[in-house]
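J.: One structure is given below, represented as structure tokens, and several questions about it will come after.
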Amino acid sequence: MLFTSYEFIGFIAVLLTVYYLVPRRARPPLLLAASCAFYAFSGWENLLFIACTVLSVWGGGLLLEKNLARQKARLCAGELSAADKKAIRDGEKKKRKGILAAVLLLNLGILAAVKYLGFLTEGLNGVLGLFGAAPLSAASLIVPMGISFYTFQSIGYLVDVFRGAVPAQRSLWKFALFVSFFPQLVQGPISRYGDLSRTLFEPLPLSYAVLRRGLVRVLWGYFKKLVIADRLSVAVLAMTGGQDRGGFALALLFLYTIQLYADFTGGIDVTIGLAEAMGVTVAENFRRPYLAVSLKDYWRRWHISMCTWFRDYLFYPVSTSRLMRSLTKGTKKVFGDKAGRKVPLYLSSFIVWGATGLWHGANWNFLVWGLSNWAILMVSQELEGAWGAFRKRFPKTGGKAWRAVAVGRTFLLVAAMNLFDCYPTLGGTFGAFFSIFDPRAWAGFSFSSLLSLGLTGADFALTGVAVVLMFAVSCAGAWGDVRDRLEKMPFALRVVLLLLLFFAVLIFGAYGRGYDAGQFIYNRF
Amino acid sequence: MKRVKTILRVLCALLLFIGTFLLLQSLLTPKYVDDVVEGAFVAEYYREKKDHDVIFIGDCEVYENFSPAVLWEEYGVNSYIRGSAEQYIFQSYYLLEDTFYYEKPSVVVFNVQSLQFGEAQSEAYNRMTLEGMRWSPAKVAAIRASMTEDEHFIEYVFPLLRYHDRWSDLKQTDFQYLFHKKTVSHNGYYMRLDAKAVPENLPPVKPLGDYSFSDRAWSYLDRIVEACKREGVQLLLIKAPSVFPHWYDEWDEQVKAYAEKQGVRYINFLEHTEEIGLDFATDTYDAGQHMNLSGAEKCARWIGRILAEDYGVPDRRGEEALSAAWAGKLASYRAEIEEQKERYGLS
């Protein structure tokens, strides 16, 4: 059930009506039922996958907590020496690690099987080919909707329980709701248990104002998705379909970057707005990413929940692992203290960015995309000292103009790397990218050539206005929630503005016959 | 007091929303008044006083091949054509049910050409037939029976959802006919005066692998027959005299056998072209697919005699009110003849 389908709108209308009518305590169970229905709509067999994750992680969480309680009890029983206490702690921790590893293996195994089997087989066949061996045939499995999101969210919970950061959830249905909460099932964000559980199991009191606020955000999300992203997708698909050299490649770079932003942030607006309308608070996932002054800054603003997930659950454990610690000792000896300390750090970062790339898609393009990010970030970090010295020497470089240059440079960098997302192969990506610098590829290109991409001049003009509006609202958000300002406006003006927004979506939205964009780009992750 | 104020505010906002929605929907929905006028025919029926003696049901082979004006002028038969472009048999059935809701004619004339389609072939044709129907259980059933795979029922309920992307194609007529549409047919008849002869060397007829009509198409013909029997209305099955698309002998035999079994009369006009006086060099405007005015008037004259003599359809020219209504219609009919003569440079 797509967020942009009539079925979904109908589903939400019925759910919200019932949700507001039932008593407060009945709302979380209703949400679980709705989430199951929503998920079942994508295929009954998919319920088995999510049920497996729910049961294994929930059970794992309980076992971990039981183990912690036993450790506590053993430590409190009688007079124990420090050595005995250490032995108990180590012994119990080893057991907990075993539980954690088993559950992680199961869930990451499922994820790998459904999402990465083809990619792994392809890689393996490459190696086998070198030795003249016959290639293996890859079994193709249907990827259950949102599996990357709910698997990562569940793993985050389990690691938090392992670390003692959150208590294990004893209620199976509550945990099932945490994993399957439908607004964020499609494309995230990857919520933390500690954040989401606060309002998910005991939603905030509902009122007309809560409903209105939530639905305004939903409407804004649809504006971004339907008016901008899905309209641009017509041109983007035409370009990636073959019309992608020279000026078209440059246009693709810009248009896809805008489409991706409108699509993903639009989807997250729908998610957060819906949750808000139901009294559930979902953490923000973006903070004006295209105003970032560097790639590092960009990754603090874009898909925040994914970035912090990789930081907390992959980068920290890897960089502080025993292996890395002993590697640090070795590299310090070889490269000296300063440089030696950096090697394991960069290696951990390499692993994280490789995993981030593969999380986005099981192909070489995404892997190279992830590692390109890593390379640029590492180079930036290395140059930070030199840059600091430069700024000290030329203090004016801290001004607004320089900041604008930095924002533009970061945007171009991100846009260029987004090309990896447009093509299934590295050849396609690099072919399009390098054609931008080939004057022969620009032969015959003019702005009017863009009208051959399936969009009319009116479409481009409309999209231009909508994009300006989107960025204006996004920038205005830096000085406080735009909806707060809307609430303070006179009633008549507020109604007119909201009706304008509603009818803009209804009239100018690229939906229905003739448009096939439908899916959110982040659905496939 | 505050509560009342809030309720009033919400009501005002709701009214503004509904008003804007309806206005935009009316603006963006195609008007079918200039180029593709066929989409307007079904809706025009509801503007009529519904006491017709003969109702024609079917596709372009009825709305272009019979002139109700001639039936009135020469036989005093008050008839109406409920036809639309590529009207499928299931749509014909529901249009018949819809007609029976408003009136009970003496005779229903149904053109069997649509038996060849068991399923809807095109959304555009669905729209042109179904959008003009007034909301009723028949319309709901007609939509359900007609929808192609990627159509949504809600888009029939709110056509704005279907036509929203016409915002960049709006024409002057969309504003001109925002609240009221002009009448484009003559009791459902679509007039054309130009002529294009049937070519002398017609391409060979392509044989079919299977000449049987689908079960679904037959089932709707059964329902048409049953509905007429139920309402006590005489049914006349016809195959209009269009030479293209080809009407296979195998199809004709099946219909003849069916009509005989049901005790219903069936007339294949293609077998009576000489009797009717049709000249395929001058009586068709598109090389034999549809009749022009000359052909449609000849067909009307010929079937009018059958309706009057064999079916006892009364001559109502003596009825004052009806005659007055027809006088206006005939004036408009003649005016269009003159207008088309000028358009096509005819004497």
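Labels for the structure tokens follow display order: chains A, B, ..., residues from 1 in each chain, ligands from 1.
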Could you please select, counting only C-alpha atoms, the residues of chain B within 9 Å of chain A and state them as a VMD selection string?

T.: chain B and resid 9 13 16 to 17 20 to 21 24 150 to 152 154 160 to 168

J.: Write out as JSON, numbers by chain the residues lying within 9 Å of B:Ala300, counting only C-alpha atoms and excluding same-chain residues fewer than 6 positions away.

T.: {"B": [65, 66, 67, 68, 69, 70, 71]}

J.: Since we have the selection now, will you write its residues out, keeping N, CA and C atoms, as an mmCIF file, in the first residue's frame?

T.:
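Listed below is the output, again06.cif:
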data_model
loop_
_atom_site.group_PDB
_atom_site.id
_atom_site.type_symbol
_atom_site.label_atom_id
_atom_site.label_comp_id
_atom_site.auth_asym_id
_atom_site.auth_seq_id
_atom_site.Cartn_x
_atom_site.Cartn_y
_atom_site.Cartn_z
ATOM 1 N N ASN B 65 -26.067 6.657 -37.215
ATOM 2 C CA ASN B 65 -26.738 6.020 -38.349
ATOM 3 C C ASN B 65 -28.243 6.210 -38.392
ATOM 4 N N PHE B 66 -28.812 6.835 -37.393
ATOM 5 C CA PHE B 66 -30.274 7.035 -37.389
ATOM 6 C C PHE B 66 -30.604 8.457 -36.957
ATOM 7 N N SER B 67 -31.483 9.067 -37.701
ATOM 8 C CA SER B 67 -31.848 10.445 -37.370
ATOM 9 C C SER B 67 -33.226 10.490 -36.709
ATOM 10 N N PRO B 68 -33.317 10.747 -35.415
ATOM 11 C CA PRO B 68 -34.615 10.848 -34.738
ATOM 12 C C PRO B 68 -35.480 11.964 -35.320
ATOM 13 N N ALA B 69 -34.832 12.988 -35.894
ATOM 14 C CA ALA B 69 -35.612 14.090 -36.479
ATOM 15 C C ALA B 69 -36.471 13.576 -37.631
ATOM 16 N N VAL B 70 -35.906 12.701 -38.465
ATOM 17 C CA VAL B 70 -36.660 12.134 -39.593
ATOM 18 C C VAL B 70 -37.780 11.234 -39.061
ATOM 19 N N LEU B 71 -37.478 10.467 -38.031
ATOM 20 C CA LEU B 71 -38.506 9.597 -37.439
ATOM 21 C C LEU B 71 -39.692 10.434 -36.966
#

J.: Please indicate the distance in Å from atom CA of A:Ser191 to atom CA of A:Val166, rounded to one decimal place.

T.: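 Interatomic distance, atom CA of A:Ser191 to atom CA of A:Val166: 13.6 Å.
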
J.: Would you list the contacts of stretch 44-59 of chain B as a short mmCIF file (atom, residue, chain, number, x, y, z; two decimals) with C-alpha atoms, in the first residue's frame, taking every protein, DNA or RNA residue within 9 Å and counting only C-alpha atoms, but skipping same-chain residues closer than 4 positions in sequence?

T.:
data_model
loop_
_atom_site.label_atom_id
_atom_site.label_comp_id
_atom_site.auth_asym_id
_atom_site.auth_seq_id
_atom_site.Cartn_x
_atom_site.Cartn_y
_atom_site.Cartn_z
CA ALA B 40 -21.49 14.70 -24.09
CA TYR B 63 -25.81 7.58 -32.76
CA GLU B 64 -24.47 8.23 -36.26
CA PHE B 66 -30.27 7.04 -37.39
CA VAL B 77 -42.14 8.73 -33.66
CA ASN B 78 -40.67 10.35 -30.57
CA SER B 79 -37.30 8.64 -30.23
CA TYR B 80 -33.98 9.13 -28.49
CA ILE B 81 -30.57 7.58 -29.00
CA ARG B 82 -28.71 6.57 -25.86
CA GLY B 83 -25.47 5.94 -27.64
CA SER B 84 -21.85 6.70 -26.95
CA ALA B 85 -18.50 5.97 -28.51
CA GLU B 86 -17.62 2.25 -28.41
CA GLN B 87 -20.37 1.66 -25.90
CA TYR B 88 -19.76 -1.82 -24.55
CA ILE B 89 -22.64 -4.24 -24.14
CA GLN B 91 -22.71 -0.34 -20.51
CA SER B 92 -25.66 -0.62 -22.89
CA TYR B 93 -27.41 -2.88 -20.41
CA LEU B 95 -27.96 2.47 -19.68
CA LEU B 96 -31.11 0.52 -20.49
CA THR B 99 -33.60 4.49 -18.99
CA TYR B 102 -37.12 7.26 -16.06
CA GLU B 103 -39.48 5.95 -18.73
CA LYS B 104 -40.96 2.94 -20.43
CA PRO B 105 -40.71 3.21 -24.24
CA SER B 106 -42.68 0.97 -26.63
CA VAL B 107 -39.58 -0.28 -28.38
CA VAL B 108 -35.90 -0.57 -27.57
CA VAL B 109 -33.59 -0.90 -30.56
CA PHE B 110 -30.25 -2.43 -29.65
CA ASN B 111 -27.29 -2.62 -32.02
CA VAL B 112 -25.42 -5.91 -31.60
CA GLN B 113 -22.00 -4.75 -32.84
CA SER B 114 -20.73 -4.48 -29.24
CA GLY B 132 -22.54 11.39 -18.38
CA MET B 133 -24.77 8.98 -16.44
CA ARG B 134 -26.59 10.33 -13.43
CA THR B 183 -26.48 20.60 -26.49
CA VAL B 184 -24.33 18.98 -29.15
CA SER B 185 -26.56 16.12 -30.34
CA ASN B 187 -31.85 13.56 -29.52
CA GLY B 188 -28.60 11.63 -29.26
CA LEU B 307 -41.51 0.73 -36.05
CA VAL B 313 -45.38 2.89 -32.45
CA PRO B 314 -47.93 5.73 -32.48
#

J.: Report as a PyMOL selection string all protein, DNA and RNA residues lying within 12 Å of B:Met291, evaluated on only C-alpha atoms, omitting residues in the same chain fewer than 5 positions from it.

T.: chain B and resi 60-67+189-198+240-244+278-286+296-300

J.: Can you tell me which residues surround stretch 202-214 of chain B at a distance of at most 10 Å, considering only C-alpha atoms, apart from same-chain residues fewer than 6 positions away, and format the answer as a PDB file with all heavy atoms, in the first residue's frame?

T.:
ATOM      1  N   SER B 114     -21.558  -4.437 -30.444  1.00  0.00           N
ATOM      2  CA  SER B 114     -20.727  -4.479 -29.236  1.00  0.00           C
ATOM      3  C   SER B 114     -20.592  -5.884 -28.637  1.00  0.00           C
ATOM      4  O   SER B 114     -19.841  -6.072 -27.685  1.00  0.00           O
ATOM      5  CB  SER B 114     -21.278  -3.529 -28.183  1.00  0.00           C
ATOM      6  OG  SER B 114     -22.602  -3.882 -27.869  1.00  0.00           O
ATOM      7  N   LEU B 115     -21.303  -6.868 -29.202  1.00  0.00           N
ATOM      8  CA  LEU B 115     -21.153  -8.237 -28.688  1.00  0.00           C
ATOM      9  C   LEU B 115     -19.713  -8.734 -28.813  1.00  0.00           C
ATOM     10  O   LEU B 115     -19.289  -9.643 -28.110  1.00  0.00           O
ATOM     11  CB  LEU B 115     -22.063  -9.190 -29.476  1.00  0.00           C
ATOM     12  CG  LEU B 115     -23.467  -9.428 -28.924  1.00  0.00           C
ATOM     13  CD1 LEU B 115     -24.298 -10.191 -29.947  1.00  0.00           C
ATOM     14  CD2 LEU B 115     -23.425 -10.202 -27.620  1.00  0.00           C
ATOM     15  N   GLN B 116     -18.971  -8.110 -29.730  1.00  0.00           N
ATOM     16  CA  GLN B 116     -17.597  -8.591 -29.957  1.00  0.00           C
ATOM     17  C   GLN B 116     -16.664  -8.307 -28.771  1.00  0.00           C
ATOM     18  O   GLN B 116     -15.596  -8.877 -28.677  1.00  0.00           O
ATOM     19  CB  GLN B 116     -17.021  -7.955 -31.220  1.00  0.00           C
ATOM     20  CG  GLN B 116     -16.898  -6.455 -31.146  1.00  0.00           C
ATOM     21  CD  GLN B 116     -16.358  -5.863 -32.430  1.00  0.00           C
ATOM     22  OE1 GLN B 116     -15.267  -6.187 -32.851  1.00  0.00           O
ATOM     23  NE2 GLN B 116     -17.157  -5.011 -33.042  1.00  0.00           N
ATOM     24  N   PHE B 117     -17.095  -7.403 -27.876  1.00  0.00           N
ATOM     25  CA  PHE B 117     -16.227  -7.079 -26.732  1.00  0.00           C
ATOM     26  C   PHE B 117     -16.825  -7.601 -25.429  1.00  0.00           C
ATOM     27  O   PHE B 117     -17.905  -7.183 -25.027  1.00  0.00           O
ATOM     28  CB  PHE B 117     -16.033  -5.570 -26.607  1.00  0.00           C
ATOM     29  CG  PHE B 117     -15.374  -4.942 -27.796  1.00  0.00           C
ATOM     30  CD1 PHE B 117     -16.039  -3.997 -28.556  1.00  0.00           C
ATOM     31  CD2 PHE B 117     -14.081  -5.302 -28.153  1.00  0.00           C
ATOM     32  CE1 PHE B 117     -15.435  -3.408 -29.652  1.00  0.00           C
ATOM     33  CE2 PHE B 117     -13.466  -4.724 -29.246  1.00  0.00           C
ATOM     34  CZ  PHE B 117     -14.147  -3.780 -30.001  1.00  0.00           C
ATOM     35  N   GLY B 118     -16.083  -8.477 -24.774  1.00  0.00           N
ATOM     36  CA  GLY B 118     -16.527  -8.972 -23.469  1.00  0.00           C
ATOM     37  C   GLY B 118     -16.003  -8.100 -22.340  1.00  0.00           C
ATOM     38  O   GLY B 118     -16.518  -8.096 -21.230  1.00  0.00           O
ATOM     39  N   GLU B 119     -14.936  -7.358 -22.634  1.00  0.00           N
ATOM     40  CA  GLU B 119     -14.309  -6.494 -21.622  1.00  0.00           C
ATOM     41  C   GLU B 119     -14.109  -5.106 -22.227  1.00  0.00           C
ATOM     42  O   GLU B 119     -13.994  -4.974 -23.442  1.00  0.00           O
ATOM     43  CB  GLU B 119     -12.923  -7.043 -21.224  1.00  0.00           C
ATOM     44  CG  GLU B 119     -12.931  -8.450 -20.645  1.00  0.00           C
ATOM     45  CD  GLU B 119     -13.572  -8.531 -19.271  1.00  0.00           C
ATOM     46  OE1 GLU B 119     -13.633  -7.486 -18.591  1.00  0.00           O
ATOM     47  OE2 GLU B 119     -14.023  -9.627 -18.891  1.00  0.00           O
ATOM     48  N   VAL B 243     -20.040  -0.821 -42.907  1.00  0.00           N
ATOM     49  CA  VAL B 243     -19.283  -1.907 -43.554  1.00  0.00           C
ATOM     50  C   VAL B 243     -17.932  -2.138 -42.869  1.00  0.00           C
ATOM     51  O   VAL B 243     -17.248  -3.113 -43.156  1.00  0.00           O
ATOM     52  CB  VAL B 243     -19.072  -1.631 -45.057  1.00  0.00           C
ATOM     53  CG1 VAL B 243     -20.372  -1.721 -45.796  1.00  0.00           C
ATOM     54  CG2 VAL B 243     -18.396  -0.289 -45.285  1.00  0.00           C
ATOM     55  N   PHE B 244     -17.570  -1.227 -42.020  1.00  0.00           N
ATOM     56  CA  PHE B 244     -16.310  -1.379 -41.303  1.00  0.00           C
ATOM     57  C   PHE B 244     -16.495  -0.910 -39.875  1.00  0.00           C
ATOM     58  O   PHE B 244     -17.126   0.115 -39.674  1.00  0.00           O
ATOM     59  CB  PHE B 244     -15.213  -0.542 -41.990  1.00  0.00           C
ATOM     60  CG  PHE B 244     -13.900  -0.623 -41.308  1.00  0.00           C
ATOM     61  CD1 PHE B 244     -13.060  -1.705 -41.514  1.00  0.00           C
ATOM     62  CD2 PHE B 244     -13.499   0.383 -40.421  1.00  0.00           C
ATOM     63  CE1 PHE B 244     -11.843  -1.772 -40.863  1.00  0.00           C
ATOM     64  CE2 PHE B 244     -12.290   0.306 -39.766  1.00  0.00           C
ATOM     65  CZ  PHE B 244     -11.462  -0.766 -39.994  1.00  0.00           C
ATOM     66  N   PRO B 245     -16.053  -1.568 -38.820  1.00  0.00           N
ATOM     67  CA  PRO B 245     -15.370  -2.857 -38.838  1.00  0.00           C
ATOM     68  C   PRO B 245     -16.280  -3.978 -39.357  1.00  0.00           C
ATOM     69  O   PRO B 245     -17.496  -3.899 -39.209  1.00  0.00           O
ATOM     70  CB  PRO B 245     -14.994  -3.085 -37.376  1.00  0.00           C
ATOM     71  CG  PRO B 245     -15.829  -2.159 -36.582  1.00  0.00           C
ATOM     72  CD  PRO B 245     -16.253  -1.050 -37.456  1.00  0.00           C
ATOM     73  N   HIS B 246     -15.633  -4.987 -39.928  1.00  0.00           N
ATOM     74  CA  HIS B 246     -16.375  -6.042 -40.614  1.00  0.00           C
ATOM     75  C   HIS B 246     -17.261  -6.837 -39.647  1.00  0.00           C
ATOM     76  O   HIS B 246     -16.849  -7.168 -38.543  1.00  0.00           O
ATOM     77  CB  HIS B 246     -15.384  -6.988 -41.303  1.00  0.00           C
ATOM     78  CG  HIS B 246     -16.054  -8.014 -42.138  1.00  0.00           C
ATOM     79  ND1 HIS B 246     -16.682  -7.705 -43.328  1.00  0.00           N
ATOM     80  CD2 HIS B 246     -16.225  -9.340 -41.955  1.00  0.00           C
ATOM     81  CE1 HIS B 246     -17.206  -8.811 -43.832  1.00  0.00           C
ATOM     82  NE2 HIS B 246     -16.942  -9.806 -43.029  1.00  0.00           N
ATOM     83  N   TRP B 247     -18.470  -7.085 -40.106  1.00  0.00           N
ATOM     84  CA  TRP B 247     -19.411  -7.915 -39.344  1.00  0.00           C
ATOM     85  C   TRP B 247     -19.398  -9.302 -40.001  1.00  0.00           C
ATOM     86  O   TRP B 247     -19.858  -9.467 -41.119  1.00  0.00           O
ATOM     87  CB  TRP B 247     -20.803  -7.280 -39.376  1.00  0.00           C
ATOM     88  CG  TRP B 247     -21.860  -8.060 -38.636  1.00  0.00           C
ATOM     89  CD1 TRP B 247     -22.893  -8.751 -39.183  1.00  0.00           C
ATOM     90  CD2 TRP B 247     -21.988  -8.219 -37.221  1.00  0.00           C
ATOM     91  NE1 TRP B 247     -23.664  -9.334 -38.216  1.00  0.00           N
ATOM     92  CE2 TRP B 247     -23.134  -9.023 -36.983  1.00  0.00           C
ATOM     93  CE3 TRP B 247     -21.248  -7.786 -36.120  1.00  0.00           C
ATOM     94  CZ2 TRP B 247     -23.543  -9.382 -35.704  1.00  0.00           C
ATOM     95  CZ3 TRP B 247     -21.673  -8.138 -34.848  1.00  0.00           C
ATOM     96  CH2 TRP B 247     -22.800  -8.934 -34.651  1.00  0.00           C
ATOM     97  N   TYR B 248     -18.826 -10.249 -39.312  1.00  0.00           N
ATOM     98  CA  TYR B 248     -18.617 -11.578 -39.890  1.00  0.00           C
ATOM     99  C   TYR B 248     -19.934 -12.365 -40.009  1.00  0.00           C
ATOM    100  O   TYR B 248     -20.810 -12.228 -39.141  1.00  0.00           O
ATOM    101  CB  TYR B 248     -17.630 -12.382 -39.030  1.00  0.00           C
ATOM    102  CG  TYR B 248     -16.227 -11.816 -39.059  1.00  0.00           C
ATOM    103  CD1 TYR B 248     -15.824 -10.878 -38.108  1.00  0.00           C
ATOM    104  CD2 TYR B 248     -15.318 -12.210 -40.029  1.00  0.00           C
ATOM    105  CE1 TYR B 248     -14.541 -10.339 -38.125  1.00  0.00           C
ATOM    106  CE2 TYR B 248     -14.038 -11.670 -40.046  1.00  0.00           C
ATOM    107  CZ  TYR B 248     -13.649 -10.742 -39.099  1.00  0.00           C
ATOM    108  OH  TYR B 248     -12.393 -10.214 -39.136  1.00  0.00           O
ATOM    109  N   ASP B 249     -20.012 -13.170 -41.035  1.00  0.00           N
ATOM    110  CA  ASP B 249     -21.205 -14.012 -41.222  1.00  0.00           C
ATOM    111  C   ASP B 249     -21.398 -14.939 -40.018  1.00  0.00           C
ATOM    112  O   ASP B 249     -22.521 -15.210 -39.591  1.00  0.00           O
ATOM    113  CB  ASP B 249     -21.054 -14.861 -42.489  1.00  0.00           C
ATOM    114  CG  ASP B 249     -21.123 -13.998 -43.743  1.00  0.00           C
ATOM    115  OD1 ASP B 249     -21.619 -12.850 -43.629  1.00  0.00           O
ATOM    116  OD2 ASP B 249     -20.659 -14.444 -44.808  1.00  0.00           O
ATOM    117  N   GLU B 250     -20.259 -15.409 -39.499  1.00  0.00           N
ATOM    118  CA  GLU B 250     -20.321 -16.328 -38.343  1.00  0.00           C
ATOM    119  C   GLU B 250     -20.956 -15.630 -37.132  1.00  0.00           C
ATOM    120  O   GLU B 250     -21.682 -16.247 -36.358  1.00  0.00           O
ATOM    121  CB  GLU B 250     -18.913 -16.808 -37.964  1.00  0.00           C
ATOM    122  CG  GLU B 250     -18.268 -17.741 -38.966  1.00  0.00           C
ATOM    123  CD  GLU B 250     -17.583 -17.019 -40.129  1.00  0.00           C
ATOM    124  OE1 GLU B 250     -17.770 -15.787 -40.257  1.00  0.00           O
ATOM    125  OE2 GLU B 250     -16.885 -17.686 -40.900  1.00  0.00           O
ATOM    126  N   TRP B 251     -20.649 -14.372 -36.985  1.00  0.00           N
ATOM    127  CA  TRP B 251     -21.249 -13.585 -35.891  1.00  0.00           C
ATOM    128  C   TRP B 251     -22.746 -13.444 -36.146  1.00  0.00           C
ATOM    129  O   TRP B 251     -23.559 -13.602 -35.224  1.00  0.00           O
ATOM    130  CB  TRP B 251     -20.614 -12.187 -35.822  1.00  0.00           C
ATOM    131  CG  TRP B 251     -19.210 -12.156 -35.286  1.00  0.00           C
ATOM    132  CD1 TRP B 251     -18.499 -13.195 -34.780  1.00  0.00           C
ATOM    133  CD2 TRP B 251     -18.367 -11.007 -35.204  1.00  0.00           C
ATOM    134  NE1 TRP B 251     -17.257 -12.778 -34.385  1.00  0.00           N
ATOM    135  CE2 TRP B 251     -17.142 -11.434 -34.626  1.00  0.00           C
ATOM    136  CE3 TRP B 251     -18.481  -9.667 -35.547  1.00  0.00           C
ATOM    137  CZ2 TRP B 251     -16.072 -10.576 -34.398  1.00  0.00           C
ATOM    138  CZ3 TRP B 251     -17.425  -8.798 -35.304  1.00  0.00           C
ATOM    139  CH2 TRP B 251     -16.232  -9.247 -34.744  1.00  0.00           C
ATOM    140  N   GLN B 254     -24.782 -16.470 -35.338  1.00  0.00           N
ATOM    141  CA  GLN B 254     -24.972 -16.650 -33.890  1.00  0.00           C
ATOM    142  C   GLN B 254     -26.074 -15.746 -33.356  1.00  0.00           C
ATOM    143  O   GLN B 254     -26.903 -16.156 -32.546  1.00  0.00           O
ATOM    144  CB  GLN B 254     -23.677 -16.340 -33.141  1.00  0.00           C
ATOM    145  CG  GLN B 254     -22.568 -17.356 -33.344  1.00  0.00           C
ATOM    146  CD  GLN B 254     -21.298 -16.894 -32.644  1.00  0.00           C
ATOM    147  OE1 GLN B 254     -21.247 -16.786 -31.432  1.00  0.00           O
ATOM    148  NE2 GLN B 254     -20.261 -16.626 -33.414  1.00  0.00           N
ATOM    149  N   VAL B 255     -26.084 -14.506 -33.842  1.00  0.00           N
ATOM    150  CA  VAL B 255     -27.098 -13.563 -33.359  1.00  0.00           C
ATOM    151  C   VAL B 255     -28.483 -13.988 -33.858  1.00  0.00           C
ATOM    152  O   VAL B 255     -29.468 -13.930 -33.110  1.00  0.00           O
ATOM    153  CB  VAL B 255     -26.767 -12.114 -33.792  1.00  0.00           C
ATOM    154  CG1 VAL B 255     -27.849 -11.150 -33.337  1.00  0.00           C
ATOM    155  CG2 VAL B 255     -25.426 -11.677 -33.225  1.00  0.00           C
ATOM    156  N   ALA B 287     -15.724   6.492 -45.106  1.00  0.00           N
ATOM    157  CA  ALA B 287     -15.434   5.285 -45.879  1.00  0.00           C
ATOM    158  C   ALA B 287     -16.153   4.043 -45.364  1.00  0.00           C
ATOM    159  O   ALA B 287     -15.600   2.943 -45.390  1.00  0.00           O
ATOM    160  CB  ALA B 287     -13.922   5.041 -45.941  1.00  0.00           C
TER     161      ALA B 287
END

J.: Give me the residues within 12 Å of A:Glu7 as a VMD selection string, counting only C-alpha atoms and dropping any in the same chain fewer than 3 places off.

T.: (chain A and resid 1 to 4 10 to 15 38 41) or (chain B and resid 152 to 154)

J.: Those same residues, written as a CSV table (one decimal), in the first residue's frame with N, CA and C atoms?

T.:
chain,number,residue,atom,x,y,z
A,1,MET,N,0.8,-1.2,0.0
A,1,MET,CA,0.0,0.0,0.0
A,1,MET,C,0.9,1.2,0.0
A,2,LEU,N,0.9,1.9,-1.1
A,2,LEU,CA,1.8,3.1,-1.2
A,2,LEU,C,1.2,4.3,-0.5
A,3,PHE,N,2.0,5.1,0.1
A,3,PHE,CA,1.5,6.3,0.8
A,3,PHE,C,0.7,7.2,-0.1
A,4,THR,N,1.0,7.1,-1.4
A,4,THR,CA,0.3,8.0,-2.4
A,4,THR,C,-0.9,7.3,-3.0
A,10,GLY,N,-7.6,6.2,2.1
A,10,GLY,CA,-8.8,5.6,2.7
A,10,GLY,C,-8.5,4.9,4.0
A,11,PHE,N,-7.4,4.2,4.1
A,11,PHE,CA,-7.0,3.4,5.2
A,11,PHE,C,-6.8,4.4,6.4
A,12,ILE,N,-6.1,5.5,6.1
A,12,ILE,CA,-5.8,6.5,7.1
A,12,ILE,C,-7.1,7.2,7.6
A,13,ALA,N,-8.0,7.5,6.7
A,13,ALA,CA,-9.2,8.2,7.1
A,13,ALA,C,-10.0,7.3,8.0
A,14,VAL,N,-10.1,6.0,7.7
A,14,VAL,CA,-10.8,5.1,8.6
A,14,VAL,C,-10.1,5.0,9.9
A,15,LEU,N,-8.8,4.8,9.9
A,15,LEU,CA,-8.0,4.5,11.1
A,15,LEU,C,-8.1,5.7,12.0
A,38,PHE,N,-1.7,-3.1,7.4
A,38,PHE,CA,-0.9,-2.4,6.5
A,38,PHE,C,0.2,-3.3,5.9
A,41,PHE,N,-0.9,-6.1,3.6
A,41,PHE,CA,-1.3,-5.6,2.3
A,41,PHE,C,-0.2,-5.7,1.3
B,152,HIS,N,-9.8,3.5,-11.2
B,152,HIS,CA,-10.2,3.5,-9.8
B,152,HIS,C,-11.6,4.1,-9.7
B,153,PHE,N,-12.4,3.4,-8.9
B,153,PHE,CA,-13.8,3.9,-8.8
B,153,PHE,C,-13.9,5.3,-8.3
B,154,ILE,N,-13.1,5.6,-7.3
B,154,ILE,CA,-13.1,7.0,-6.7
B,154,ILE,C,-12.9,8.1,-7.8

J.: Calculated over only C-alpha atoms, which of the candidates A:Gly164, A:Pro135, A:Trp44, A:Asp269 has the smallest distance to A:Leu68?

T.: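 So, comparing all the options, the nearest one is A:Gly164.
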
J.: Identify all residues of stretch 164-302 of chain B in helix (DSSP H, G or I) (DSSP on the backbone) and supply them as number ranges by chain.

T.: B: 164-168, 172-176, 215-231, 249-262, 269-276, 293-302

J.: How many Å lie between atom CA of B:Leu8 and atom CA of A:Lys488, rounded to one decimal?

T.: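 Here the two named atoms are 19.1 Å from each other.
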
J.: Hey, can you check how far atom CA of A:Val114 sits from atom CA of A:Val161?

T.: 26.5 Å

J.: Pick out the residues sitting within 9 Å of A:Ser148, and hand them over as a list of chain:residue names; count only C-alpha atoms, and ignore anything fewer than 2 positions along from it in its own chain.

T.: A:Leu111, A:Lys115, A:Pro144, A:Met145, A:Gly146, A:Tyr150, A:Thr151, A:Phe152, A:Gln153, A:Trp359, A:His360, A:Phe525
